Amino acid sequence: MPMPVIRIPTPLRSYVNGLSEIPVQGQTVAAAMENLLTQYPAMRPHLTNTNGQLRPFVNLFLGESNVRDLQGLETPLKEDDKLLLIPSIAGG
Amino acid sequence: MTTTTHQLRVDIPAVAGLEAHVGNTPLLPLTHLASRLRPGVQVLAKAEWFNPGGSVKDRPALNIIRTAIDCGQLGQGQRLLDSTSGNMGIAYATFCAPLGIPVTLVMPSNASPERISILRSLGAELILSDPVEGSDGALRLARQMAADAPQRYFYANQYDNPANWEAHFWSTGPEILNQTGGAVTHFVAGLGTSGTLTGVGKYLRENNPHIRIIGIQPDRPMHGIEGLKHMPSAIRPGIYDPAFPDQLLHIQTETAYEMVRRLGRQEGLFVGISSGAAAAAALQIAAGLESGVVVTIFPDAGYKYLSNPEIWGG
């Protein structure tokens, strides 16, 4: 059965066994992210603060749209959606 | 009443173009933020947004362009090509426009709308790369484009081009030494390409072997300090020697954001995120000193980051 997928940015792939895409369970962005962090707990300190909230610079895009401009973490996910975890632009 | 235009013409001395206004930026003291330091300790910041293109990148961009023209690699129809996070691209486009040199820039598609608009206004051709692949993805794409069409492009390659750090060796370094009257004891700068740290650091160390050179990088691979690189998880620039800095400080994104807000509200300095990281690091170094002059670089102003609500808070 198809599942939503989260695309992992290059700098974080060492925490997910080198994978670029991770299938996740969850019908919302929040549930999908929690599922990702449950599968790969080493990712948690990179993406969430000590209160368990996503850190302010963690940008999640569904297609061309930042989920902040949709329904935030409650944005619904379909089974064939790809959620992009976008790094900041670094260097030069 | 009829006026004649010739009456308005006056003889004026030759007026220098934009290139002549690169560098010689102000060195500003942090006063309120540094008020709890020991009396003999100062923190000073180079206000690099005073450069014509709005950032520290004017210096290396101009030197790369001039060097390439002098070597016959640019100016005979080639397009200047590079990957950029924004500021270097803006600097290339600023100086290439009046020279009639076309510019092609590769940047991740999540670059802020301000940056994309500025670059388009300056006539640059933009190739937007996969945002998930980040700046390294843009770099790889630019390398591939250069390899595929070497006649079409002069690949400026800011990460590996010695003209990058040499610009700081010949301009920023001497300015800091002169503006502090030789009193600088610590130099603190963020690592992006590492050109600023390398060029300024080499110059200052030649003049004072006891000076401390401190590099700043984000504390994690995933961060929000745009313009800085987390070196262990990124493609290392060819001009960066990890053994060169005396010390590396790792700054949290949230710390940089908070410092950006404090710089605005307490010092009247409306600066970008990497300046927040620079101030946080410089103040951290200064807090451990009995006496000294800590100099850092504020690479740009805050205008290009206004669309990011997470930085500015309420």
# chains A, B, ... in the order shown; residues from 1 in each chain; ligands from 1

call {"tool": "residues_around", "arguments": {"residues": "segment 107-114 of chain B", "least_positions_apart": "5", "cutoff": "8 Å", "atoms": "only C-alpha atoms", "output": "ChimeraX atom specification"}}
result
/A:86,89 /B:83-86,126-131,133-135,137-138,303-305,307

call {"tool": "interface_residues", "arguments": {"of": "chain B", "to": "chain A", "cutoff": "6 Å", "atoms": "only C-alpha atoms", "output": "number ranges by chain"}}
result
B: 84-85, 88, 132-133, 135, 192-193, 221, 224, 226-229, 233

call {"tool": "write_last_selection", "arguments": {"atoms": "N, CA and C atoms", "output": "compact mmCIF listing (two decimals), in the first residue's frame"}}
result
# COMPACT_ATOMS: atom_id res chain seq x y z
N THR B 84 25.56 29.89 -5.77
CA THR B 84 25.55 30.94 -4.76
C THR B 84 24.37 30.75 -3.81
N SER B 85 24.53 31.29 -2.61
CA SER B 85 23.38 31.34 -1.71
C SER B 85 22.66 32.68 -1.85
N MET B 88 26.81 36.40 -3.09
CA MET B 88 27.88 36.38 -4.09
C MET B 88 27.28 36.60 -5.47
N VAL B 132 16.08 20.18 -1.81
CA VAL B 132 16.47 19.14 -0.84
C VAL B 132 17.97 18.87 -0.91
N GLU B 133 18.56 19.11 -2.06
CA GLU B 133 20.01 18.89 -2.22
C GLU B 133 20.82 20.08 -1.70
N SER B 135 22.78 23.68 -0.87
CA SER B 135 23.84 24.42 -1.56
C SER B 135 24.83 23.49 -2.25
N GLY B 192 31.67 30.31 5.40
CA GLY B 192 30.81 29.94 4.28
C GLY B 192 31.70 29.29 3.25
N THR B 193 32.32 30.14 2.42
CA THR B 193 33.41 29.62 1.58
C THR B 193 34.70 29.56 2.39
N PRO B 221 24.19 19.94 11.25
CA PRO B 221 24.04 19.90 9.79
C PRO B 221 22.78 20.61 9.31
N GLY B 224 19.64 27.06 10.42
CA GLY B 224 18.98 28.18 9.74
C GLY B 224 19.86 29.40 9.61
N GLU B 226 21.68 31.12 7.38
CA GLU B 226 21.92 31.18 5.94
C GLU B 226 23.28 31.82 5.66
N GLY B 227 24.00 31.25 4.73
CA GLY B 227 25.31 31.79 4.36
C GLY B 227 26.45 31.06 5.04
N LEU B 228 26.18 30.40 6.18
CA LEU B 228 27.25 29.66 6.84
C LEU B 228 27.15 28.18 6.51
N LYS B 229 28.29 27.52 6.55
CA LYS B 229 28.35 26.08 6.25
C LYS B 229 28.69 25.31 7.50
N SER B 233 29.52 18.30 7.39
CA SER B 233 28.48 17.62 6.61
C SER B 233 28.32 18.22 5.21

call {"tool": "closest_residue", "arguments": {"among": "A:Thr48, A:Gln53, A:Thr28, A:Asn35", "to": "Gly72 of chain A", "atoms": "only C-alpha atoms"}}
result
A:Thr28

call {"tool": "select_by_dssp", "arguments": {"residues": "segment 13-166 of chain B", "states": "helix (DSSP H, G or I)", "output": "ChimeraX atom specification"}}
result
/B:18-21,48-50,58-70,87-99,113-121,131-148,162-166

call {"tool": "write_last_selection", "arguments": {"atoms": "C-alpha atoms", "output": "short mmCIF file (atom, residue, chain, number, x, y, z; two decimals), in the first residue's frame"}}
result
data_model
loop_
_atom_site.label_atom_id
_atom_site.label_comp_id
_atom_site.auth_asym_id
_atom_site.auth_seq_id
_atom_site.Cartn_x
_atom_site.Cartn_y
_atom_site.Cartn_z
CA LEU B 18 30.64 51.46 -8.16
CA GLU B 19 33.83 49.43 -8.09
CA ALA B 20 35.71 52.28 -6.42
CA HIS B 21 33.28 52.14 -3.49
CA GLU B 48 29.77 45.12 5.23
CA TRP B 49 26.32 46.09 3.99
CA PHE B 50 27.88 49.49 3.20
CA ASP B 58 31.44 42.54 -3.20
CA ARG B 59 35.07 42.14 -2.25
CA PRO B 60 35.70 38.58 -3.49
CA ALA B 61 33.33 38.93 -6.44
CA LEU B 62 35.13 41.99 -7.76
CA ASN B 63 38.54 40.37 -7.28
CA ILE B 64 37.42 37.17 -9.01
CA ILE B 65 36.01 39.18 -11.95
CA ARG B 66 39.09 41.40 -12.29
CA THR B 67 41.48 38.46 -12.02
CA ALA B 68 39.57 36.51 -14.67
CA ILE B 69 39.51 39.49 -17.03
CA ASP B 70 43.24 40.06 -16.51
CA ASN B 87 25.00 37.50 -1.85
CA MET B 88 27.88 36.38 -4.09
CA GLY B 89 25.46 36.20 -7.00
CA ILE B 90 24.19 39.70 -6.30
CA ALA B 91 27.78 40.97 -6.21
CA TYR B 92 28.70 39.24 -9.49
CA ALA B 93 25.59 40.63 -11.18
CA THR B 94 26.20 44.13 -9.82
CA PHE B 95 29.69 44.43 -11.24
CA CYS B 96 29.18 42.40 -14.43
CA ALA B 97 26.14 44.42 -15.57
CA PRO B 98 28.07 47.60 -16.45
CA LEU B 99 30.86 45.50 -18.00
CA PRO B 113 12.01 35.72 -2.87
CA GLU B 114 13.94 38.89 -2.07
CA ARG B 115 17.16 37.37 -3.40
CA ILE B 116 15.54 35.98 -6.52
CA SER B 117 13.93 39.35 -7.27
CA ILE B 118 17.17 41.28 -6.78
CA LEU B 119 19.11 38.92 -9.05
CA ARG B 120 16.46 39.11 -11.78
CA SER B 121 16.47 42.91 -11.49
CA PRO B 131 16.06 22.48 -2.64
CA VAL B 132 16.47 19.14 -0.84
CA GLU B 133 20.01 18.89 -2.22
CA GLY B 134 20.80 22.33 -0.73
CA SER B 135 23.84 24.42 -1.56
CA ASP B 136 25.98 21.38 -2.32
CA GLY B 137 23.44 20.35 -4.94
CA ALA B 138 23.70 23.79 -6.55
CA LEU B 139 27.48 23.53 -6.47
CA ARG B 140 27.44 20.12 -8.14
CA LEU B 141 25.06 21.36 -10.83
CA ALA B 142 27.24 24.42 -11.56
CA ARG B 143 30.32 22.18 -11.83
CA GLN B 144 28.49 19.94 -14.28
CA MET B 145 27.29 22.88 -16.39
CA ALA B 146 30.86 24.23 -16.54
CA ALA B 147 32.24 20.83 -17.53
CA ASP B 148 29.57 20.38 -20.21
CA PRO B 162 42.11 31.85 -4.43
CA ALA B 163 41.01 35.28 -5.69
CA ASN B 164 38.22 34.92 -3.10
CA TRP B 165 40.40 34.91 0.01
CA GLU B 166 43.03 37.17 -1.59
#

call {"tool": "residues_around", "arguments": {"residues": "Leu83 of chain A", "least_positions_apart": "2", "cutoff": "12 Å", "atoms": "only C-alpha atoms", "output": "count of residues only"}}
result
40

call {"tool": "residues_around", "arguments": {"residues": "Gln179 of chain B", "least_positions_apart": "5", "cutoff": "9 Å", "atoms": "only C-alpha atoms", "output": "list in words"}}
result
Pro26, Leu27 and Pro174 of chain B

call {"tool": "write_last_selection", "arguments": {"atoms": "C-alpha atoms", "output": "CSV table (one decimal), in the first residue's frame"}}
result
chain,number,residue,atom,x,y,z
B,26,PRO,CA,32.8,51.3,8.8
B,27,LEU,CA,34.0,49.5,11.9
B,174,PRO,CA,44.5,45.9,6.1

call {"tool": "atom_distance", "arguments": {"atom1": "atom CA of Tyr155 of chain B", "atom2": "atom CA of Leu81 of chain B"}}
result
4.8 Å

call {"tool": "residues_around", "arguments": {"residues": "Ser275 of chain B", "least_positions_apart": "6", "cutoff": "8 Å", "atoms": "only C-alpha atoms", "output": "list in words"}}
result
Ala256, Val260, Ile297, Phe298, Pro299 and Asp300 of chain B

call {"tool": "residues_around", "arguments": {"residues": "Leu28 of chain B", "least_positions_apart": "4", "cutoff": "12 Å", "atoms": "only C-alpha atoms", "output": "number ranges by chain"}}
result
B: 42-48, 50, 176, 179-180, 267-269, 279, 294-298

call {"tool": "atom_distance", "arguments": {"atom1": "atom CA of Pro39 of chain B", "atom2": "atom CA of Gly201 of chain B"}}
result
25.6 Å

call {"tool": "atom_distance", "arguments": {"atom1": "atom CA of Ile311 of chain B", "atom2": "atom CA of Leu248 of chain B"}}
result
24.1 Å

call {"tool": "select_by_dssp", "arguments": {"residues": "segment 3-84 of chain A", "states": "strand (DSSP E)", "output": "list of chain:residue names"}}
result
A:Val5, A:Ile6, A:Arg7, A:Glu21, A:Ile22, A:Pro23, A:Asn59, A:Leu60, A:Phe61, A:Leu62, A:Ser65, A:Asn66, A:Lys82, A:Leu83, A:Leu84

call {"tool": "residues_around", "arguments": {"residues": "Gln151 of chain B", "least_positions_apart": "2", "cutoff": "10 Å", "atoms": "only C-alpha atoms", "output": "compact mmCIF listing (two decimals) with N, CA and C atoms, in the first residue's frame"}}
result
# COMPACT_ATOMS: atom_id res chain seq x y z
N GLN B 73 40.24 35.11 -19.13
CA GLN B 73 39.22 34.05 -19.00
C GLN B 73 37.79 34.60 -19.08
N GLY B 77 33.04 37.36 -24.23
CA GLY B 77 31.80 36.67 -24.59
C GLY B 77 31.39 35.56 -23.65
N GLN B 78 32.30 35.15 -22.75
CA GLN B 78 31.94 34.07 -21.84
C GLN B 78 30.90 34.57 -20.81
N ARG B 79 30.07 33.65 -20.34
CA ARG B 79 29.17 33.96 -19.23
C ARG B 79 29.87 33.61 -17.93
N ALA B 146 29.56 23.71 -16.08
CA ALA B 146 30.86 24.23 -16.54
C ALA B 146 31.61 23.16 -17.33
N ALA B 147 31.54 21.92 -16.84
CA ALA B 147 32.24 20.83 -17.53
C ALA B 147 31.61 20.54 -18.88
N ASP B 148 30.28 20.69 -18.96
CA ASP B 148 29.57 20.38 -20.21
C ASP B 148 29.77 21.46 -21.28
N ALA B 149 30.02 22.71 -20.86
CA ALA B 149 30.13 23.80 -21.85
C ALA B 149 31.27 24.74 -21.47
N TYR B 153 31.15 29.11 -20.62
CA TYR B 153 31.20 29.67 -19.27
C TYR B 153 32.62 29.94 -18.79
N PHE B 154 32.77 31.01 -18.00
CA PHE B 154 33.88 31.13 -17.06
C PHE B 154 33.31 30.71 -15.71
